[in-house]
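The next block is protein_26.csv, given as CSV, C-alpha atoms and all ligand atoms.
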chain,number,residue,atom,x,y,z
A,11,MET,CA,0.0,0.0,0.0
A,12,GLN,CA,1.3,3.5,-0.9
A,13,LYS,CA,2.1,5.3,2.4
A,14,THR,CA,1.7,9.0,3.1
A,15,VAL,CA,4.8,10.4,4.9
A,16,LEU,CA,5.0,13.9,6.5
A,17,ILE,CA,8.6,15.1,7.0
A,18,THR,CA,9.4,18.3,8.9
A,19,GLY,CA,12.6,20.0,7.9
A,20,ALA,CA,12.8,18.5,4.4
A,21,THR,CA,14.8,21.4,2.9
A,22,SER,CA,18.2,20.0,3.8
A,23,GLY,CA,20.2,17.2,5.5
A,24,ILE,CA,18.4,14.3,7.0
A,25,GLY,CA,14.9,15.4,6.2
A,26,GLU,CA,15.8,15.9,2.5
A,27,ALA,CA,17.6,12.5,2.3
A,28,ALA,CA,14.6,10.8,4.0
A,29,ALA,CA,12.2,12.4,1.5
A,30,LYS,CA,14.3,11.0,-1.4
A,31,ILE,CA,14.3,7.4,-0.1
A,32,PHE,CA,10.5,7.5,0.6
A,33,ALA,CA,10.0,9.0,-2.9
A,34,LYS,CA,12.1,6.3,-4.5
A,35,ASN,CA,9.8,3.8,-2.8
A,36,GLY,CA,6.7,5.4,-4.2
A,37,CYS,CA,5.3,7.2,-1.1
A,38,LYS,CA,3.2,10.3,-1.1
A,39,LEU,CA,5.0,13.0,0.7
A,40,ILE,CA,4.1,16.1,2.7
A,41,LEU,CA,7.3,18.1,2.9
A,42,THR,CA,7.8,21.1,5.2
A,43,GLY,CA,10.3,23.7,6.0
A,44,ARG,CA,10.7,27.5,6.1
A,45,ARG,CA,12.8,28.1,3.0
A,46,GLU,CA,10.1,28.2,0.4
A,47,ASP,CA,12.2,28.3,-2.8
A,48,ARG,CA,14.2,25.3,-1.7
A,49,LEU,CA,11.1,23.4,-0.7
A,50,MET,CA,9.3,24.1,-4.0
A,51,ASP,CA,12.3,23.2,-6.2
A,52,PHE,CA,12.9,20.0,-4.2
A,53,SER,CA,9.3,19.0,-4.3
A,54,ASN,CA,9.1,19.6,-8.1
A,55,ARG,CA,12.2,17.5,-8.7
A,56,LEU,CA,10.8,14.6,-6.7
A,57,VAL,CA,7.6,14.7,-8.6
A,58,SER,CA,9.3,14.7,-12.0
A,59,GLU,CA,12.0,12.1,-11.0
A,60,PHE,CA,9.8,9.6,-9.2
A,61,GLY,CA,6.3,10.3,-10.5
A,62,ILE,CA,5.0,10.6,-6.9
A,63,GLU,CA,2.6,13.2,-5.4
A,64,VAL,CA,4.2,15.8,-3.1
A,65,LEU,CA,2.4,18.4,-1.0
A,66,PRO,CA,4.9,21.1,0.0
A,67,LEU,CA,3.8,23.1,3.1
A,68,VAL,CA,5.8,26.2,4.2
A,69,PHE,CA,5.7,26.8,7.9
A,70,ASP,CA,7.8,27.4,10.9
A,71,VAL,CA,7.3,24.7,13.5
A,72,ARG,CA,7.7,27.3,16.3
A,73,ASN,CA,4.5,29.0,15.2
A,74,LEU,CA,1.6,27.0,16.6
A,75,GLU,CA,-1.0,28.9,14.5
A,76,SER,CA,0.9,28.1,11.3
A,77,VAL,CA,1.1,24.4,12.3
A,78,GLN,CA,-2.6,24.3,13.2
A,79,ASN,CA,-3.4,26.1,9.8
A,80,ALA,CA,-1.4,23.5,8.0
A,81,VAL,CA,-3.5,20.6,9.4
A,82,ASP,CA,-6.8,22.5,9.1
A,83,ARG,CA,-6.2,23.1,5.4
A,84,LEU,CA,-5.0,19.6,4.5
A,85,PRO,CA,-7.0,18.3,1.5
A,86,GLU,CA,-9.1,15.3,2.4
A,87,ASN,CA,-6.9,12.9,0.3
A,88,TRP,CA,-3.8,14.0,2.3
A,89,LYS,CA,-5.2,13.2,5.8
A,90,THR,CA,-4.2,9.6,6.0
A,91,ILE,CA,-0.7,10.2,7.3
A,92,ASP,CA,1.1,6.9,7.9
A,93,VAL,CA,4.5,8.3,9.0
A,94,LEU,CA,5.3,11.5,10.8
A,95,LEU,CA,9.0,12.2,10.8
A,96,ASN,CA,9.7,14.9,13.4
A,97,ASN,CA,13.1,16.0,12.1
A,98,ALA,CA,13.2,19.8,12.0
A,99,GLY,CA,15.7,20.9,14.6
A,100,LEU,CA,18.9,22.8,15.2
A,101,ALA,CA,21.8,23.6,17.4
A,102,VAL,CA,22.8,27.3,17.7
A,103,GLY,CA,25.9,28.3,19.5
A,104,LEU,CA,28.4,26.3,21.6
A,105,ASN,CA,29.1,28.3,24.7
A,106,PRO,CA,29.4,27.6,28.4
A,107,ILE,CA,26.1,28.2,30.2
A,108,GLN,CA,27.3,31.5,31.8
A,109,ASN,CA,28.1,33.0,28.3
A,110,GLY,CA,25.1,31.5,26.5
A,111,ALA,CA,23.1,33.8,24.2
A,112,ILE,CA,19.5,33.8,25.4
A,113,ASP,CA,18.2,34.1,21.8
A,114,ASP,CA,20.2,30.9,20.9
A,115,TRP,CA,18.6,29.1,23.8
A,116,GLU,CA,15.1,30.3,22.8
A,117,ARG,CA,15.6,29.1,19.2
A,118,MET,CA,16.7,25.6,20.3
A,119,ILE,CA,14.0,25.2,22.9
A,120,ASP,CA,11.2,26.6,20.6
A,121,THR,CA,12.3,24.5,17.6
A,122,ASN,CA,13.5,21.2,19.1
A,123,ILE,CA,11.0,20.8,21.9
A,124,LYS,CA,8.0,23.1,21.4
A,125,GLY,CA,8.0,22.7,17.6
A,126,LEU,CA,8.1,18.9,17.8
A,127,LEU,CA,5.3,19.1,20.4
A,128,TYR,CA,3.1,21.4,18.2
A,129,VAL,CA,3.5,19.3,15.1
A,130,THR,CA,2.7,16.1,17.1
A,131,ARG,CA,-0.2,17.7,18.9
A,132,CYS,CA,-1.7,18.9,15.6
A,133,PHE,CA,-1.1,15.9,13.4
A,134,ALA,CA,-1.2,12.9,15.7
A,135,PRO,CA,-5.1,13.1,16.0
A,136,LEU,CA,-5.3,12.2,12.3
A,137,MET,CA,-3.4,8.9,13.1
A,138,ILE,CA,-5.5,8.3,16.2
A,139,ALA,CA,-8.7,8.6,14.2
A,140,ARG,CA,-7.4,5.7,12.1
A,141,ASN,CA,-5.8,3.7,14.9
A,142,SER,CA,-2.7,3.5,12.8
A,143,GLY,CA,0.5,5.4,12.2
A,144,HIS,CA,4.2,5.7,13.0
A,145,ILE,CA,5.8,8.8,14.7
A,146,ILE,CA,9.6,9.0,14.3
A,147,ASN,CA,11.4,11.6,16.4
A,148,ILE,CA,15.0,12.6,15.4
A,149,GLY,CA,16.8,12.8,18.7
A,150,SER,CA,20.6,12.8,19.0
A,151,ILE,CA,23.5,11.3,20.9
A,152,ALA,CA,23.2,14.7,22.7
A,153,GLY,CA,19.9,13.3,24.1
A,154,LYS,CA,21.8,10.4,25.7
A,155,GLU,CA,24.9,12.2,27.0
A,156,VAL,CA,26.0,15.8,27.6
A,157,TYR,CA,29.2,17.5,26.5
A,158,ALA,CA,31.1,20.7,27.3
A,159,ASN,CA,29.2,23.7,26.0
A,160,GLY,CA,26.4,21.6,24.6
A,161,ASN,CA,24.2,22.5,27.6
A,162,VAL,CA,20.9,23.7,26.1
A,163,TYR,CA,21.1,21.7,22.8
A,164,CYS,CA,21.7,18.5,24.9
A,165,ALA,CA,18.8,19.5,27.2
A,166,THR,CA,16.5,19.8,24.2
A,167,LYS,CA,17.5,16.4,22.8
A,168,HIS,CA,17.1,14.8,26.3
A,169,ALA,CA,13.6,16.2,26.1
A,170,VAL,CA,13.1,14.5,22.8
A,171,ASP,CA,14.3,11.3,24.4
A,172,ALA,CA,11.8,11.7,27.2
A,173,LEU,CA,8.9,12.7,25.0
A,174,THR,CA,9.5,9.8,22.7
A,175,LYS,CA,9.1,7.4,25.6
A,176,ALA,CA,6.1,9.3,26.9
A,177,MET,CA,4.4,9.4,23.4
A,178,ARG,CA,4.9,5.6,23.0
A,179,ILE,CA,3.0,5.1,26.2
A,180,ASP,CA,0.2,7.5,25.2
A,181,MET,CA,0.0,6.0,21.7
A,182,VAL,CA,0.1,2.3,22.4
A,183,LYS,CA,-3.6,1.9,22.8
A,184,HIS,CA,-4.1,3.6,19.4
A,185,GLY,CA,-1.9,1.1,17.5
A,186,ILE,CA,0.6,3.9,16.7
A,187,LYS,CA,4.4,3.1,16.7
A,188,VAL,CA,6.8,5.6,18.2
A,189,THR,CA,10.5,5.5,17.4
A,190,GLN,CA,13.5,7.6,18.3
A,191,ILE,CA,16.5,7.7,16.0
A,192,ALA,CA,19.5,9.3,17.8
A,193,PRO,CA,22.4,10.0,15.4
A,194,GLY,CA,26.0,11.0,16.3
A,195,ALA,CA,27.9,13.1,13.9
A,196,VAL,CA,26.2,13.5,10.5
A,197,GLU,CA,27.7,16.0,8.0
A,198,THR,CA,24.8,18.2,6.9
A,199,GLU,CA,24.1,21.9,7.3
A,200,PHE,CA,23.8,21.3,11.1
A,201,SER,CA,27.3,22.6,12.0
A,202,ILE,CA,27.0,25.6,9.6
A,203,VAL,CA,23.8,26.6,11.5
A,204,ARG,CA,25.4,25.9,14.9
A,205,PHE,CA,28.4,28.1,14.1
A,206,LYS,CA,26.1,30.7,12.5
A,207,GLY,CA,27.5,30.5,9.0
A,208,ASP,CA,31.2,29.9,9.8
A,209,LYS,CA,31.9,27.3,7.2
A,210,GLY,CA,35.5,26.8,8.5
A,211,ALA,CA,34.4,26.0,12.0
A,212,ALA,CA,31.7,23.7,10.6
A,213,ASP,CA,34.2,21.8,8.3
A,214,ASN,CA,36.5,21.3,11.3
A,215,VAL,CA,33.9,19.2,13.1
A,216,TYR,CA,34.2,16.5,10.5
A,217,LYS,CA,38.0,16.5,9.9
A,218,GLY,CA,40.0,13.4,10.6
A,219,PHE,CA,37.2,10.8,10.4
A,220,THR,CA,34.4,9.7,8.2
A,221,PRO,CA,31.2,11.2,9.5
A,222,LEU,CA,27.7,9.7,8.8
A,223,THR,CA,25.9,11.1,5.8
A,224,ALA,CA,22.3,12.2,5.7
A,225,ASN,CA,21.6,9.1,3.5
A,226,ASP,CA,23.0,6.8,6.1
A,227,ILE,CA,20.3,8.0,8.6
A,228,ALA,CA,17.6,8.1,5.9
A,229,ASP,CA,18.3,4.4,5.1
A,230,VAL,CA,17.7,3.6,8.8
A,231,ILE,CA,14.5,5.8,8.9
A,232,TYR,CA,13.2,3.9,5.9
A,233,TYR,CA,14.1,0.6,7.4
A,234,VAL,CA,12.2,1.2,10.7
A,235,THR,CA,9.1,2.0,8.6
A,236,SER,CA,9.4,-1.1,6.5
A,237,LEU,CA,8.9,-3.7,9.4
A,238,PRO,CA,5.7,-5.7,9.9
A,239,ALA,CA,2.8,-4.0,11.7
A,240,HIS,CA,3.5,-5.8,15.0
A,241,VAL,CA,7.2,-4.7,15.2
A,242,CYS,CA,8.2,-1.4,16.6
A,243,ILE,CA,11.8,-0.3,17.0
A,244,ASN,CA,11.8,2.0,20.0
A,245,ASP,CA,15.2,3.6,20.0
A,246,LEU,CA,18.4,3.6,17.9
A,247,VAL,CA,21.7,5.3,18.5
A,248,ILE,CA,23.7,5.5,15.3
A,249,THR,CA,27.3,6.8,15.2
A,250,PRO,CA,30.1,6.8,12.6
A,251,THR,CA,32.4,3.9,13.3
A,252,ALA,CA,35.0,6.4,14.4
A,253,GLN,CA,32.7,7.8,17.1
A,254,ALA,CA,32.4,5.8,20.4
A,255,SER,CA,30.5,8.4,22.4
A,256,ALA,CA,29.4,12.0,22.1
A,257,THR,CA,33.0,13.2,22.6
A,258,ASN,CA,35.1,10.2,21.9
A,259,PHE,CA,36.3,10.1,18.3
A,260,TYR,CA,39.2,8.3,16.6
A,261,LYS,CA,40.6,10.9,14.4
A,262,VAL,CA,43.7,10.5,12.2
B,1,LIG,P1,20.1,20.6,8.6
B,1,LIG,O1,20.4,22.0,9.1
B,1,LIG,O2,20.7,20.2,7.4
B,1,LIG,O3,18.5,20.5,8.5
B,1,LIG,C1,17.6,21.0,9.4
B,1,LIG,C2,16.2,21.1,8.9
B,1,LIG,O4,15.4,21.6,9.9
B,1,LIG,C3,16.1,22.0,7.7
B,1,LIG,O5,15.3,21.4,6.7
B,1,LIG,C4,15.4,23.3,8.3
B,1,LIG,O6,14.6,23.8,7.3
B,1,LIG,C5,14.6,22.6,9.3
B,1,LIG,N1,14.2,23.6,10.4
B,1,LIG,C6,15.0,24.2,11.3
B,1,LIG,N2,14.3,25.1,12.0
B,1,LIG,C7,13.0,25.0,11.6
B,1,LIG,C8,11.8,25.6,12.0
B,1,LIG,N3,11.8,26.6,13.0
B,1,LIG,N4,10.7,25.3,11.3
B,1,LIG,C9,10.7,24.4,10.3
B,1,LIG,N5,11.8,23.8,9.9
B,1,LIG,C10,12.9,24.1,10.5
B,1,LIG,O7,20.5,19.6,9.8
B,1,LIG,P2,20.2,18.1,10.0
B,1,LIG,O8,19.6,17.5,8.8
B,1,LIG,O9,21.5,17.5,10.5
B,1,LIG,O10,19.2,18.1,11.2
B,1,LIG,C11,18.0,17.4,11.2
B,1,LIG,C12,17.7,16.9,12.6
B,1,LIG,O11,18.8,16.0,13.0
B,1,LIG,C13,17.7,18.0,13.7
B,1,LIG,O12,16.7,17.7,14.6
B,1,LIG,C14,19.1,17.8,14.4
B,1,LIG,O13,19.1,18.2,15.7
B,1,LIG,C15,19.2,16.3,14.3
B,1,LIG,N6,20.6,15.7,14.4
B,1,LIG,C16,21.6,16.1,13.6
B,1,LIG,C17,22.8,15.6,13.8
B,1,LIG,C18,24.0,16.0,12.9
B,1,LIG,O14,25.1,15.7,13.3
B,1,LIG,N7,23.8,16.6,11.8
B,1,LIG,C19,23.1,14.5,14.8
B,1,LIG,C20,22.0,14.3,15.6
B,1,LIG,C21,20.8,14.8,15.4
B,1,LIG,P3,14.4,25.4,7.0
B,1,LIG,O15,15.6,26.1,7.4
B,1,LIG,O16,14.0,25.5,5.6
B,1,LIG,O17,13.2,25.7,7.9
B,2,LIG,C1,24.1,16.5,16.7
B,2,LIG,C2,25.3,15.7,17.2
B,2,LIG,O1,27.2,15.6,18.9
B,2,LIG,O2,26.8,17.7,17.7
B,2,LIG,O3,23.0,16.2,17.5
B,2,LIG,O4,25.3,17.0,19.5
B,2,LIG,S1,26.2,16.5,18.4

Take the structure I supplied and represent it as structure tokens, if you would.
Amino acid sequence: MQKTVLITGATSGIGEAAAKIFAKNGCKLILTGRREDRLMDFSNRLVSEFGIEVLPLVFDVRNLESVQNAVDRLPENWKTIDVLLNNAGLAVGLNPIQNGAIDDWERMIDTNIKGLLYVTRCFAPLMIARNSGHIINIGSIAGKEVYANGNVYCATKHAVDALTKAMRIDMVKHGIKVTQIAPGAVETEFSIVRFKGDKGAADNVYKGFTPLTANDIADVIYYVTSLPAHVCINDLVITPTAQASATNFYKV
């Protein structure tokens, strides 16, 4: 059966790679992000390359009204969402707590925690109405451990870890699977955003070892959605082979 998959943050990195693998496998896609040009170009490319249907929705996950509008305006034939991939997220800044920029903190908390909650609160009722669906939250190794200067980002991803467990309990009686995928270092635009456009600092993060690619994570996302109805993967931590913990890398 052709699945409908909703992906937040599909304009780059893991969300974009996930959209491609679901497209290749013939799924209908609802793709979201703030950068309208990128979202439209990408959606059009997927339609022409894979002959699938794509519904691009431009909204900021931090804005509850926009998220609610998106669900209220969903055409009837897009309401049967089988997979919700809560992927939109970011790290901004890398400072000790006493020097943290309050605006950076607000952006991370509003996007990674409140945004994920808004999207889930607005879209999960569509799954509950059908007693079927799969919610996949992109957490992080930063949701399992903390590291120097990672303070607020780590806290937001610990919240994703807790919310994933809590959602699974709330959803179990509705037949809805809830999975967390918690990657280590993946080379995407993540570090460019974290270092506020400093490409040199971002490149440094991935020097001396082979990081994961967005496609590596997308393959795992697709895999967890391809299992039989009675099988739910709860939680997966995925690192590059050269990464043993949040801070332990073998670099040459
Ligand atoms: P990217 O920066 O490449 O992608 C982030 C995506 O999130 C973009 O599509 C961006 O779209 C979207 N996004 C950010 N803020 C908002 C917002 N307020 N509203 C809507 N969309 C938003 O990074 P990744 O692909 O690496 O990150 C994806 C997820 O993976 C994040 O949750 C991140 O924390 C997590 N992660 C990443 C790791 C890594 O090493 N890269 C490791 C572990 C977890 P747009 O700007 O168009 O809105
Ligand atoms: C992204 C991975 O280690 O930079 O979540 O926090 S890390």

- Message: Neighbours of ligand LIG 1 (chain B) at 7 Å or closer, counting only C-alpha atoms and all ligand atoms: which residues, as a PyMOL selection string?
- Response: chain A and resi 18-26+42-45+69-72+97-101+121-122+148-151+192-201+203+224

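Protein, DNA and RNA residues at most 12 Å from (21.5, 33.0, 21.1), with only C-alpha atoms, are these: Ala101, Val102, Gly103, Leu104, Asn105, Ile107, Asn109, Gly110, Ala111, Ile112, Asp113, Asp114, Trp115, Glu116, Arg117, Met118, Ile119, Val162, Tyr163, Val203, Arg204, Phe205 and Lys206 of chain A.
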
- Item | Option closest in space to A:Pro106, from A:Gln78, A:Asn161, A:Ser255, A:Asn73 [counting all atoms listed in the file] | A:Asn161

- Check the smallest atom-to-atom distance from each of A:Met50, A:Leu41, A:Val64, A:Val81 to A:Ala27 using only C-alpha atoms, then report the winner. A:Leu41

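Taking only C-alpha atoms and all ligand atoms into account, ligand LIG 2 (chain B) lies nearest to A:His168 out of the set A:His184, A:His168, A:Lys261, A:His240.
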
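Proximity to A:Asn96 was assessed for A:Ile17, A:Ser76, A:Ile191, A:Leu49 counting only C-alpha atoms; the smallest distance is recorded for A:Ile17.
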
- Message: For A:Ala172, find every residue with an atom within 12 Å (counting only C-alpha atoms), except residues of its own chain fewer than 4 positions away, and show them as a list in words.
- Response: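 Close residues of A:Ala172: Ile123, Leu127, Asn147, Gly149, Gly153, Lys154, Ala165, Thr166, Lys167, His168, Ala176, Met177, Arg178, Ile179, Val188, Thr189, Gln190 and Asp245 of chain A.
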
- Expressed in Å to a single decimal, how great is the separation between atom O4 of ligand LIG 2 (chain B) and atom CA of A:Leu173? 17.8 Å

- Message: Please compute the atom CA of A:Tyr216-atom O4 of ligand LIG 2 (chain B) distance, one decimal, in Å.
- Response: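 These atoms are spaced 12.7 Å apart.
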